[in-house]
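Listing of run.cif, mmCIF, C-alpha atoms, pLDDT in the B column; chains and numbers go by the auth columns
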```cif
data_my_file
#
loop_
_atom_site.group_PDB
_atom_site.id
_atom_site.type_symbol
_atom_site.label_atom_id
_atom_site.label_comp_id
_atom_site.label_asym_id
_atom_site.label_seq_id
_atom_site.Cartn_x
_atom_site.Cartn_y
_atom_site.Cartn_z
_atom_site.B_iso_or_equiv
_atom_site.auth_seq_id
_atom_site.auth_asym_id
ATOM 1 C CA MET A 1 119.217 107.245 128.654 41.00 1 J
ATOM 2 C CA ILE A 2 115.949 107.165 126.728 43.00 2 J
ATOM 3 C CA GLU A 3 114.726 103.698 125.871 49.00 3 J
ATOM 4 C CA PRO A 4 113.322 103.329 122.356 52.00 4 J
ATOM 5 C CA ARG A 5 109.671 102.293 122.216 53.00 5 J
ATOM 6 C CA ALA A 6 110.228 99.707 119.528 53.00 6 J
ATOM 7 C CA SER A 7 113.004 97.178 119.476 58.00 7 J
ATOM 8 C CA ALA A 8 115.137 96.862 116.367 55.00 8 J
ATOM 9 C CA LYS A 9 113.364 93.574 115.564 57.00 9 J
ATOM 10 C CA SER A 10 109.925 95.202 115.488 68.00 10 J
ATOM 11 C CA CYS A 11 111.012 98.353 113.650 88.00 11 J
ATOM 12 C CA ALA A 12 109.604 98.560 110.126 89.00 12 J
ATOM 13 C CA VAL A 13 112.800 100.163 108.803 88.00 13 J
ATOM 14 C CA SER A 14 114.836 97.334 110.263 89.00 14 J
ATOM 15 C CA ALA A 15 112.482 94.791 108.693 89.00 15 J
ATOM 16 C CA CYS A 16 112.923 96.486 105.314 91.00 16 J
ATOM 17 C CA LEU A 17 116.713 96.512 105.681 90.00 17 J
ATOM 18 C CA ASP A 18 116.685 92.818 106.590 90.00 18 J
ATOM 19 C CA VAL A 19 115.236 92.156 103.136 92.00 19 J
ATOM 20 C CA ILE A 20 116.764 94.796 100.830 93.00 20 J
ATOM 21 C CA GLY A 21 119.628 96.182 102.885 92.00 21 J
ATOM 22 C CA GLY A 22 123.275 95.935 102.077 90.00 22 J
ATOM 23 C CA LYS A 23 125.657 97.228 99.489 92.00 23 J
ATOM 24 C CA TRP A 24 124.351 95.283 96.496 96.00 24 J
ATOM 25 C CA LYS A 25 120.698 94.298 96.898 97.00 25 J
ATOM 26 C CA PRO A 26 119.122 97.693 96.102 96.00 26 J
ATOM 27 C CA LEU A 27 121.354 97.990 93.048 95.00 27 J
ATOM 28 C CA LEU A 28 120.489 94.479 91.861 97.00 28 J
ATOM 29 C CA ILE A 29 116.766 95.151 92.270 97.00 29 J
ATOM 30 C CA HIS A 30 117.219 98.373 90.296 96.00 30 J
ATOM 31 C CA LEU A 31 119.058 96.504 87.514 96.00 31 J
ATOM 32 C CA VAL A 32 116.466 93.736 87.241 97.00 32 J
ATOM 33 C CA ALA A 33 113.648 96.298 87.232 96.00 33 J
ATOM 34 C CA GLY A 34 115.417 98.027 84.349 95.00 34 J
ATOM 35 C CA GLY A 35 115.618 94.846 82.287 95.00 35 J
ATOM 36 C CA CYS A 36 119.137 93.728 83.197 96.00 36 J
ATOM 37 C CA ASN A 37 118.067 90.235 84.195 94.00 37 J
ATOM 38 C CA ARG A 38 120.890 87.869 83.255 95.00 38 J
ATOM 39 C CA PHE A 39 123.751 87.022 85.581 95.00 39 J
ATOM 40 C CA GLY A 40 126.436 87.990 83.056 94.00 40 J
ATOM 41 C CA ALA A 41 124.785 91.324 82.302 96.00 41 J
ATOM 42 C CA MET A 42 124.542 92.111 86.025 96.00 42 J
ATOM 43 C CA SER A 43 128.165 91.114 86.505 95.00 43 J
ATOM 44 C CA ARG A 44 129.226 93.475 83.705 96.00 44 J
ATOM 45 C CA ALA A 45 126.984 96.271 85.008 96.00 45 J
ATOM 46 C CA VAL A 46 128.598 96.030 88.455 95.00 46 J
ATOM 47 C CA PRO A 47 132.203 94.978 87.816 94.00 47 J
ATOM 48 C CA SER A 48 133.216 95.523 91.446 96.00 48 J
ATOM 49 C CA ILE A 49 130.977 92.683 92.717 96.00 49 J
ATOM 50 C CA SER A 50 132.507 89.228 92.740 96.00 50 J
ATOM 51 C CA LYS A 51 130.626 86.395 91.071 96.00 51 J
ATOM 52 C CA GLN A 52 130.359 84.608 94.424 97.00 52 J
ATOM 53 C CA VAL A 53 128.788 87.633 96.134 97.00 53 J
ATOM 54 C CA LEU A 54 126.483 88.270 93.163 97.00 54 J
ATOM 55 C CA THR A 55 125.270 84.665 93.350 96.00 55 J
ATOM 56 C CA ARG A 56 124.678 84.902 97.106 96.00 56 J
ATOM 57 C CA GLN A 57 122.821 88.221 96.852 97.00 57 J
ATOM 58 C CA LEU A 58 120.573 86.955 94.047 97.00 58 J
ATOM 59 C CA ARG A 59 119.792 83.806 96.049 96.00 59 J
ATOM 60 C CA GLU A 60 118.894 85.880 99.117 96.00 60 J
ATOM 61 C CA LEU A 61 116.599 88.117 97.054 97.00 61 J
ATOM 62 C CA GLU A 62 115.006 84.968 95.663 97.00 62 J
ATOM 63 C CA GLU A 63 114.613 83.476 99.166 96.00 63 J
ATOM 64 C CA HIS A 64 112.900 86.685 100.324 96.00 64 J
ATOM 65 C CA GLY A 65 110.476 86.403 97.428 97.00 65 J
ATOM 66 C CA LEU A 66 111.640 89.532 95.597 97.00 66 J
ATOM 67 C CA LEU A 67 113.078 87.765 92.549 98.00 67 J
ATOM 68 C CA THR A 68 112.152 84.677 90.644 97.00 68 J
ATOM 69 C CA ARG A 69 114.730 82.667 88.736 96.00 69 J
ATOM 70 C CA SER A 70 113.799 81.286 85.351 94.00 70 J
ATOM 71 C CA THR A 71 115.856 78.762 83.413 91.00 71 J
ATOM 72 C CA ILE A 72 115.517 79.247 79.666 87.00 72 J
ATOM 73 C CA ASN A 73 116.174 76.276 77.371 86.00 73 J
ATOM 74 C CA GLY A 74 117.441 77.248 73.978 80.00 74 J
ATOM 75 C CA ARG A 75 120.585 76.708 71.985 85.00 75 J
ATOM 76 C CA VAL A 76 122.373 77.730 75.137 83.00 76 J
ATOM 77 C CA LEU A 77 120.859 77.178 78.568 84.00 77 J
ATOM 78 C CA HIS A 78 120.662 80.424 80.524 89.00 78 J
ATOM 79 C CA VAL A 79 119.044 81.857 83.647 92.00 79 J
ATOM 80 C CA GLU A 80 117.083 85.069 83.922 95.00 80 J
ATOM 81 C CA TYR A 81 115.823 86.877 87.006 97.00 81 J
ATOM 82 C CA TYR A 82 112.537 88.734 87.223 97.00 82 J
ATOM 83 C CA LEU A 83 110.869 90.797 89.906 97.00 83 J
ATOM 84 C CA THR A 84 107.988 89.148 91.687 97.00 84 J
ATOM 85 C CA GLU A 85 104.964 91.130 92.808 97.00 85 J
ATOM 86 C CA ARG A 86 106.664 91.550 96.177 97.00 86 J
ATOM 87 C CA GLY A 87 109.840 92.668 94.425 97.00 87 J
ATOM 88 C CA ALA A 88 107.919 95.227 92.393 97.00 88 J
ATOM 89 C CA SER A 89 106.489 96.610 95.634 97.00 89 J
ATOM 90 C CA VAL A 90 109.950 97.842 96.697 96.00 90 J
ATOM 91 C CA ILE A 91 110.567 99.773 93.467 96.00 91 J
ATOM 92 C CA PRO A 92 109.259 103.047 94.996 96.00 92 J
ATOM 93 C CA VAL A 93 111.849 102.620 97.775 94.00 93 J
ATOM 94 C CA ILE A 94 114.602 101.995 95.215 94.00 94 J
ATOM 95 C CA HIS A 95 113.475 105.025 93.189 94.00 95 J
ATOM 96 C CA ALA A 96 113.521 107.174 96.336 93.00 96 J
ATOM 97 C CA MET A 97 117.093 105.993 96.976 91.00 97 J
ATOM 98 C CA ARG A 98 118.038 106.790 93.360 90.00 98 J
ATOM 99 C CA ASP A 99 116.450 110.239 93.552 91.00 99 J
ATOM 100 C CA TRP A 100 118.211 111.020 96.822 89.00 100 J
ATOM 101 C CA GLY A 101 121.522 109.813 95.373 88.00 101 J
ATOM 102 C CA GLU A 102 121.110 112.047 92.317 88.00 102 J
ATOM 103 C CA ARG A 103 120.202 115.021 94.496 86.00 103 J
ATOM 104 C CA ASP A 104 122.380 114.655 97.599 83.00 104 J
ATOM 105 C CA GLY A 105 124.469 111.500 97.378 73.00 105 J
ATOM 106 C CA GLY A 106 127.669 113.090 96.143 72.00 106 J
ATOM 107 C CA ARG A 107 127.864 115.834 98.743 74.00 107 J
ATOM 108 C CA THR A 108 130.479 115.647 101.462 70.00 108 J
ATOM 109 C CA SER A 109 129.749 116.275 105.126 67.00 109 J
ATOM 110 C CA ASN A 110 131.501 119.665 104.841 68.00 110 J
ATOM 111 C CA GLU A 111 129.233 120.676 101.978 67.00 111 J
ATOM 112 C CA VAL A 112 126.167 119.623 103.925 64.00 112 J
ATOM 113 C CA ALA A 113 127.353 121.483 107.040 60.00 113 J
ATOM 114 C CA THR A 114 127.889 124.705 105.124 62.00 114 J
ATOM 115 C CA ASP A 115 124.642 124.503 103.184 60.00 115 J
ATOM 116 C CA ARG A 116 122.696 127.471 104.499 51.00 116 J
ATOM 117 C CA LYS A 117 119.445 125.960 103.374 54.00 117 J
ATOM 118 C CA SER A 118 119.924 123.020 105.709 54.00 118 J
ATOM 119 C CA THR A 119 117.875 123.124 108.861 58.00 119 J
ATOM 120 C CA ARG A 120 117.938 120.907 111.849 61.00 120 J
ATOM 121 C CA LEU A 121 115.015 118.538 111.725 61.00 121 J
ATOM 122 C CA ASN A 122 113.862 116.035 114.246 60.00 122 J
ATOM 123 C CA SER A 123 111.391 113.187 113.916 58.00 123 J
ATOM 124 C CA SER A 124 108.385 115.393 114.675 61.00 124 J
ATOM 125 C CA HIS A 125 109.221 117.679 111.721 58.00 125 J
ATOM 126 C CA LEU A 126 109.299 114.657 109.434 60.00 126 J
ATOM 127 C CA GLY A 127 106.048 113.154 110.678 63.00 127 J
ATOM 128 C CA ILE A 128 107.825 110.172 112.209 62.00 128 J
ATOM 129 C CA SER A 129 106.547 108.757 115.454 60.00 129 J
ATOM 130 C CA TYR A 130 108.270 106.205 117.623 54.00 130 J
#
```

What is this file in structure tokens?
Amino acid sequence: MIEPRASAKSCAVSACLDVIGGKWKPLLIHLVAGGCNRFGAMSRAVPSISKQVLTRQLRELEEHGLLTRSTINGRVLHVEYYLTERGASVIPVIHAMRDWGERDGGRTSNEVATDRKSTRLNSSHLGISY
């Protein structure tokens, strides 16, 4: 068995996933970046997320320094979320995920296997070193 050079803890991809990984965080970052910054609006935009999970995910993004929470006093008190500078730095990653999803996300494994344009690539073809 080949031992990986870097442990999962020191892997940059793993570090990124620790912060923005999961089912909801990339989507929430994408929503806030697009101006959907109130809890109710996010809840309506993603009806399959429970309010409890939405709250937890927003808090974790805030704890990681990607979002800031702002309480607005007006006729009705409300909370809005905004990207921090650190949060804005992950937008290219979120856009790459969006672009991949638009291009390849809906294909099944059978479609990918029969795609004649597909070639077998390994890390050296992609410029990845471990």

Excluding Phe39 in chain J and any residue of its chain fewer than 2 positions from it, enumerate the residues within 12 Å of it, using only C-alpha atoms, and give them as a ChimeraX atom specification.
/J:28,31-32,35-37,41-47,49-59,69-71,78-82

Among the residues J:His30, J:Arg98, J:Lys23, J:Arg38, the one that comes closest to Leu77 in chain J [using all atoms listed in the file]
J:Arg38

I'd like the box whose edges run along x, y and z of the file and which contains every listed atom of range 64-71 of chain J, padded by 3 Å per side; could you state its centre and edge lengths in Å, one decimal, as AutoDock Vina command-line options?
```
--center_x 113.2 --center_y 84.1 --center_z 91.9 --size_x 11.4 --size_y 16.8 --size_z 22.9
```

Closest to Ile94 in chain J among J:Cys16, J:Trp24, J:Gly34, J:Ile29, using only C-alpha atoms?
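Ranking J:Cys16, J:Trp24, J:Gly34, J:Ile29 by distance to Ile94 in chain J, first place goes to J:Ile29.
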
As an exercise, work out the distance from CA of Leu83 in chain J to CA of Arg103 in chain J in Å and give it to one decimal place.
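Separating CA of Leu83 in chain J from CA of Arg103 in chain J is a distance of 26.4 Å.
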
List the residues selected by the PyMOL selection byres ((chain J and resi 19) around 10) in the file shown, writing them as a PyMOL selection string.
chain J and resi 14-18+20-22+25-26+60-61+63-66

Using the partial input, fill out range 74-102 of chain J with N, CA and C atoms; write the result as a short mmCIF file (atom, residue, chain, number, x, y, z; two decimals), in the frame of the given file.
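Result saved to out_21.cif:
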```cif
data_model
loop_
_atom_site.label_atom_id
_atom_site.label_comp_id
_atom_site.auth_asym_id
_atom_site.auth_seq_id
_atom_site.Cartn_x
_atom_site.Cartn_y
_atom_site.Cartn_z
N GLY J 74 117.29 76.82 75.36
CA GLY J 74 117.44 77.25 73.98
C GLY J 74 118.69 76.60 73.43
N ARG J 75 119.30 77.23 72.47
CA ARG J 75 120.58 76.71 71.98
C ARG J 75 121.58 76.64 73.13
N VAL J 76 121.52 77.69 73.96
CA VAL J 76 122.37 77.73 75.14
C VAL J 76 121.46 77.92 76.34
N LEU J 77 121.65 77.08 77.34
CA LEU J 77 120.86 77.18 78.57
C LEU J 77 121.28 78.44 79.32
N HIS J 78 120.31 79.25 79.72
CA HIS J 78 120.66 80.42 80.52
C HIS J 78 119.58 80.71 81.55
N VAL J 79 119.93 81.53 82.53
CA VAL J 79 119.04 81.86 83.65
C VAL J 79 118.74 83.34 83.59
N GLU J 80 117.49 83.67 83.84
CA GLU J 80 117.08 85.07 83.92
C GLU J 80 116.35 85.29 85.24
N TYR J 81 116.48 86.49 85.76
CA TYR J 81 115.82 86.88 87.01
C TYR J 81 114.76 87.92 86.70
N TYR J 82 113.63 87.79 87.38
CA TYR J 82 112.54 88.73 87.22
C TYR J 82 112.02 89.14 88.59
N LEU J 83 111.49 90.35 88.66
CA LEU J 83 110.87 90.80 89.91
C LEU J 83 109.55 90.07 90.11
N THR J 84 109.30 89.68 91.33
CA THR J 84 107.99 89.15 91.69
C THR J 84 107.09 90.34 92.04
N GLU J 85 105.86 90.06 92.37
CA GLU J 85 104.96 91.13 92.81
C GLU J 85 105.53 91.80 94.07
N ARG J 86 106.05 91.00 94.96
CA ARG J 86 106.66 91.55 96.18
C ARG J 86 107.88 92.39 95.82
N GLY J 87 108.67 91.92 94.87
CA GLY J 87 109.84 92.67 94.42
C GLY J 87 109.45 94.00 93.80
N ALA J 88 108.40 93.99 93.01
CA ALA J 88 107.92 95.23 92.39
C ALA J 88 107.44 96.22 93.44
N SER J 89 106.99 95.71 94.58
CA SER J 89 106.49 96.61 95.63
C SER J 89 107.59 97.45 96.28
N VAL J 90 108.85 97.05 96.12
CA VAL J 90 109.95 97.84 96.70
C VAL J 90 110.54 98.85 95.70
N ILE J 91 110.05 98.84 94.48
CA ILE J 91 110.57 99.77 93.47
C ILE J 91 110.42 101.23 93.91
N PRO J 92 109.31 101.65 94.52
CA PRO J 92 109.26 103.05 95.00
C PRO J 92 110.37 103.38 96.00
N VAL J 93 110.75 102.42 96.82
CA VAL J 93 111.85 102.62 97.78
C VAL J 93 113.16 102.78 97.02
N ILE J 94 113.39 101.93 96.03
CA ILE J 94 114.60 102.00 95.22
C ILE J 94 114.65 103.31 94.45
N HIS J 95 113.52 103.75 93.91
CA HIS J 95 113.48 105.02 93.19
C HIS J 95 113.75 106.19 94.13
N ALA J 96 113.24 106.12 95.35
CA ALA J 96 113.52 107.17 96.34
C ALA J 96 115.02 107.21 96.65
N MET J 97 115.65 106.05 96.74
CA MET J 97 117.09 105.99 96.98
C MET J 97 117.85 106.59 95.79
N ARG J 98 117.41 106.24 94.57
CA ARG J 98 118.04 106.79 93.36
C ARG J 98 117.90 108.31 93.32
N ASP J 99 116.69 108.80 93.59
CA ASP J 99 116.45 110.24 93.55
C ASP J 99 117.29 110.97 94.59
N TRP J 100 117.39 110.40 95.79
CA TRP J 100 118.21 111.02 96.82
C TRP J 100 119.68 111.02 96.40
N GLY J 101 120.13 109.90 95.83
CA GLY J 101 121.52 109.81 95.37
C GLY J 101 121.84 110.83 94.29
N GLU J 102 120.90 111.05 93.37
CA GLU J 102 121.11 112.05 92.32
C GLU J 102 121.14 113.46 92.90
#
```
